[in-house]
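Peer 1: Got a structure here, written out as structure tokens. Questions coming.
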Amino acid sequence: MQVEVVDRLARAGAAVRYETEVLLPGVARHASGRLKQLAAEGDVVQVRETRDVDLRHDEHMKWRAREHIVDRDDIVLVEDDLRRYLAVDDPAEEAVLHGAENTGVIAALVIASYLVSSVSFPWLVGRLYGVDLANVGSRKLGGSNLAKTVGLVPGIAGGVLDGAKGFAAFLIAGTLGQPIEVQLLCGVAAVVGQMWPLFHHFDGGRANATGWGLAIAADPIAALIMGIPIFAALAFKRIVPSSRLVPLASLLSFAVFPAVIWEQEGTTPTVVAGIVVLGLVVLRRATAGLRVDMATGAPFGRVLANRVLYDRSELQQRGVVAI
């Protein structure tokens with residue numbers, strides 16, 4: 001059987017996988033797990049075990065995993081079985097239909113992640129104490145403002161719940177069988193919902209906790225490393241209470257996360273998602289309430305620098321609004 005026959009399986013959603021990068025004569029594996037034909041032509045000689053053939057048609061072919069595939073003829077049988085059970089001339093056609101169904105599931109998961117994250121838990125906790133976070137303290141819907149205006153314990157609770165948004169969005173998508181790209185997309189949607197929530201006039205928090213929750217779920221080791229700037233800034237603040245390094249360290253942590261993964265693995269979906277979250281954090285800091293700041297007549301450069309680096313508005317800088 002020529003390599004292109006296996007490629008038809010790959011286009012139908014099947015992939016031959018094994019421990020080494022070069023799987024079989026003439027065939028190698030993409031980083032995504034799909035097949036890639038090498039420059040040298042050659043027949044596919046052998047597949048070691050059925051676990052090395054992964055058919056992504058859900059329940060259609062799972063029973064084949066109980067059998068043992070030993071040579072190229074059995075790969076033909078797999079393709080024939082796929083044709084019979086799907087009742088189509090070309091497995092690739094069914095793959096298109098299956099992909100369309102999966103697209104609907106992905107869209108539903110992303111929208112659900114955004115909508116759930118649009119519920120501000122710190123705001124809800126504040127309301128239980130008779131406080132509207134949008135009108136007190138720094139006027140931010142986050143755990144930090146909740147801690148300063150209501151109390152440390154409620155603030156921690158609100159922050160943890162915000163962090164759980166990104167964490168849960170990623171894990172739930174994975175539990176439902178979605179690939180890493182969809183898991184990350186749901187996590188990013190949760191970050192967007194925290195920043196621009198539908199239920200709070202698209203004016204939410206800064207999503208620091210939600211972004212950290214997503215990072216912990218996606219790569220715990222990289223998330224631990226990204227916390228180093230924050231731990232250092234908090235320690236320094238105990239020595240110099242007037243220090244403004246914590247917001248800067250928080251921003252830096254979102255840059256550290258994708259950088260750590262990129263250095264070890266190159267450009268992966270997690271790296272791309274990390275860069276997207278970093279961009280969203282910068283965008284949210286720069287634009288939240290910008291019109292009010294510019295109405296003060298302050299120089300735009302100073303306003304933008306204070307906002308992006310220190311997450312501090314001009315009104316906070318002047319003492320009109322609490323920090």
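Chain identifiers are assigned as A, B, and so on, following the order in which chains appear in the structure tokens; residues are numbered from 1 within each chain, and ligands are numbered from 1 in order of appearance.
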So that I can see what lies close to Gly193 of chain A, please list as number ranges by chain the residues with an atom at most 9 Å from it, counting only C-alpha atoms and leaving out residues fewer than 3 positions away in the same chain.

Peer 2: A: 113-119, 188-190, 196-198, 202, 204, 207

Peer 1: Which of these, A:Val240, A:Leu278, A:Ala233, A:Val150, has the shortest distance to Gly211 of chain A once you count only C-alpha atoms?

Peer 2: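 Of all the options, A:Leu278 lies closest to Gly211 of chain A.
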
Peer 1: By how many Å are atom CA of Thr287 of chain A and atom CA of Ala249 of chain A apart?

Peer 2: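 That distance, rounded to one decimal, is 19.6 Å.
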
Peer 1: Atom CA of Gly158 of chain A and atom CA of Ile180 of chain A, how far apart in Å?

Peer 2: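 Result for atom CA of Ile180 of chain A versus atom CA of Gly158 of chain A: 27.5 Å, one decimal.
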
Peer 1: Using only C-alpha atoms for the distances, tell me which of A:Trp212, A:Phe257, A:Trp262, A:Phe199 is nearest to Met226 of chain A.

Peer 2: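 Comparing A:Trp212, A:Phe257, A:Trp262, A:Phe199 against Met226 of chain A, the winner is A:Phe257.
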
Peer 1: For Arg206 of chain A, find every residue with an atom within 8 Å (counting only C-alpha atoms), except residues of its own chain fewer than 5 positions away, and show them as a PDB file with C-alpha atoms, in the first residue's frame.

Peer 2:
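That gives us part12.pdb:
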ATOM      1  CA  LYS A 140     -12.716  47.678  39.651  1.00  0.00           C
ATOM      2  CA  GLY A 142     -11.872  42.328  41.078  1.00  0.00           C
ATOM      3  CA  GLN A 194     -14.012  38.730  32.835  1.00  0.00           C
ATOM      4  CA  MET A 195     -12.705  41.878  31.139  1.00  0.00           C
ATOM      5  CA  VAL A 281      -4.345  42.435  29.592  1.00  0.00           C
ATOM      6  CA  ARG A 284      -7.854  46.253  29.028  1.00  0.00           C
ATOM      7  CA  ARG A 285      -5.477  48.304  31.151  1.00  0.00           C
TER       8      ARG A 285
END

Peer 1: Nearest residue to Gln317 of chain A out of A:Arg291, A:Ala255, A:Leu248, A:Ser138, using only C-alpha atoms?

Peer 2: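 Among the listed residues, A:Ser138 lies closest to Gln317 of chain A.
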
Peer 1: For Arg302 of chain A, find every residue with an atom within 10 Å (counting only C-alpha atoms), except residues of its own chain fewer than 4 positions away, and show them as a ChimeraX atom specification.

Peer 2: /A:298,306-307,313-314

Peer 1: When DSSP is applied to the backbone of this structure, which of segment 119-202 of chain A are assigned alpha helix (DSSP H)? Write them out as a PyMOL selection string.

Peer 2: chain A and resi 121-128+143-149+152-175+180-195

Peer 1: Keeping C-alpha atoms, export the residues of the selection given above as a PDB file, in the first residue's frame.

Peer 2:
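Saved the output as out09.pdb:
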ATOM      1  CA  PHE A 121     -18.084  36.882  41.484  1.00  0.00           C
ATOM      2  CA  PRO A 122     -16.313  39.690  43.387  1.00  0.00           C
ATOM      3  CA  TRP A 123     -19.225  41.980  42.531  1.00  0.00           C
ATOM      4  CA  LEU A 124     -21.702  39.349  43.763  1.00  0.00           C
ATOM      5  CA  VAL A 125     -19.761  38.843  47.001  1.00  0.00           C
ATOM      6  CA  GLY A 126     -19.629  42.613  47.467  1.00  0.00           C
ATOM      7  CA  ARG A 127     -23.398  42.856  47.026  1.00  0.00           C
ATOM      8  CA  LEU A 128     -23.825  40.310  49.814  1.00  0.00           C
ATOM      9  CA  GLY A 143     -10.750  40.520  44.192  1.00  0.00           C
ATOM     10  CA  SER A 144      -8.219  43.224  45.056  1.00  0.00           C
ATOM     11  CA  ASN A 145     -10.846  45.968  45.264  1.00  0.00           C
ATOM     12  CA  LEU A 146     -13.142  43.610  47.160  1.00  0.00           C
ATOM     13  CA  ALA A 147     -10.414  42.876  49.718  1.00  0.00           C
ATOM     14  CA  LYS A 148      -9.710  46.585  50.277  1.00  0.00           C
ATOM     15  CA  THR A 149     -13.357  47.660  50.556  1.00  0.00           C
ATOM     16  CA  LEU A 152      -9.417  40.109  53.085  1.00  0.00           C
ATOM     17  CA  VAL A 153     -11.370  36.850  53.301  1.00  0.00           C
ATOM     18  CA  PRO A 154     -14.156  37.957  50.926  1.00  0.00           C
ATOM     19  CA  GLY A 155     -11.477  39.378  48.627  1.00  0.00           C
ATOM     20  CA  ILE A 156      -9.623  36.069  48.500  1.00  0.00           C
ATOM     21  CA  ALA A 157     -12.874  34.214  47.881  1.00  0.00           C
ATOM     22  CA  GLY A 158     -13.802  36.519  45.017  1.00  0.00           C
ATOM     23  CA  GLY A 159     -10.324  36.269  43.512  1.00  0.00           C
ATOM     24  CA  VAL A 160     -10.291  32.465  43.691  1.00  0.00           C
ATOM     25  CA  LEU A 161     -13.704  32.284  42.018  1.00  0.00           C
ATOM     26  CA  ASP A 162     -12.472  34.589  39.262  1.00  0.00           C
ATOM     27  CA  GLY A 163      -9.412  32.378  38.803  1.00  0.00           C
ATOM     28  CA  ALA A 164     -11.623  29.300  38.605  1.00  0.00           C
ATOM     29  CA  LYS A 165     -13.248  30.717  35.463  1.00  0.00           C
ATOM     30  CA  GLY A 166     -10.168  30.288  33.306  1.00  0.00           C
ATOM     31  CA  PHE A 167      -9.185  27.045  35.036  1.00  0.00           C
ATOM     32  CA  ALA A 168     -12.614  25.430  34.632  1.00  0.00           C
ATOM     33  CA  ALA A 169     -13.153  26.607  31.051  1.00  0.00           C
ATOM     34  CA  PHE A 170      -9.930  24.855  30.004  1.00  0.00           C
ATOM     35  CA  LEU A 171     -10.535  21.630  31.941  1.00  0.00           C
ATOM     36  CA  ILE A 172     -14.204  21.233  31.028  1.00  0.00           C
ATOM     37  CA  ALA A 173     -13.422  21.529  27.315  1.00  0.00           C
ATOM     38  CA  GLY A 174     -10.755  18.842  27.762  1.00  0.00           C
ATOM     39  CA  THR A 175     -13.140  16.608  29.696  1.00  0.00           C
ATOM     40  CA  ILE A 180      -5.778  21.600  23.305  1.00  0.00           C
ATOM     41  CA  GLU A 181      -6.559  24.378  20.838  1.00  0.00           C
ATOM     42  CA  VAL A 182     -10.245  24.387  21.807  1.00  0.00           C
ATOM     43  CA  GLN A 183      -9.411  24.176  25.502  1.00  0.00           C
ATOM     44  CA  LEU A 184      -7.216  27.252  25.191  1.00  0.00           C
ATOM     45  CA  LEU A 185      -9.846  29.059  23.134  1.00  0.00           C
ATOM     46  CA  CYS A 186     -12.401  28.481  25.896  1.00  0.00           C
ATOM     47  CA  GLY A 187      -9.913  29.760  28.460  1.00  0.00           C
ATOM     48  CA  VAL A 188      -9.278  32.910  26.436  1.00  0.00           C
ATOM     49  CA  ALA A 189     -13.049  33.383  26.097  1.00  0.00           C
ATOM     50  CA  ALA A 190     -13.274  33.261  29.898  1.00  0.00           C
ATOM     51  CA  VAL A 191     -10.614  35.978  30.121  1.00  0.00           C
ATOM     52  CA  VAL A 192     -12.579  38.122  27.658  1.00  0.00           C
ATOM     53  CA  GLY A 193     -15.765  37.569  29.677  1.00  0.00           C
ATOM     54  CA  GLN A 194     -14.012  38.730  32.835  1.00  0.00           C
ATOM     55  CA  MET A 195     -12.705  41.878  31.139  1.00  0.00           C
TER      56      MET A 195
END

Peer 1: Go ahead and compute the interatomic distance for atom CA of Val321 of chain A and atom CA of Leu283 of chain A, in Å to one decimal.

Peer 2: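 Between atom CA of Val321 of chain A and atom CA of Leu283 of chain A the gap is 20.9 Å.
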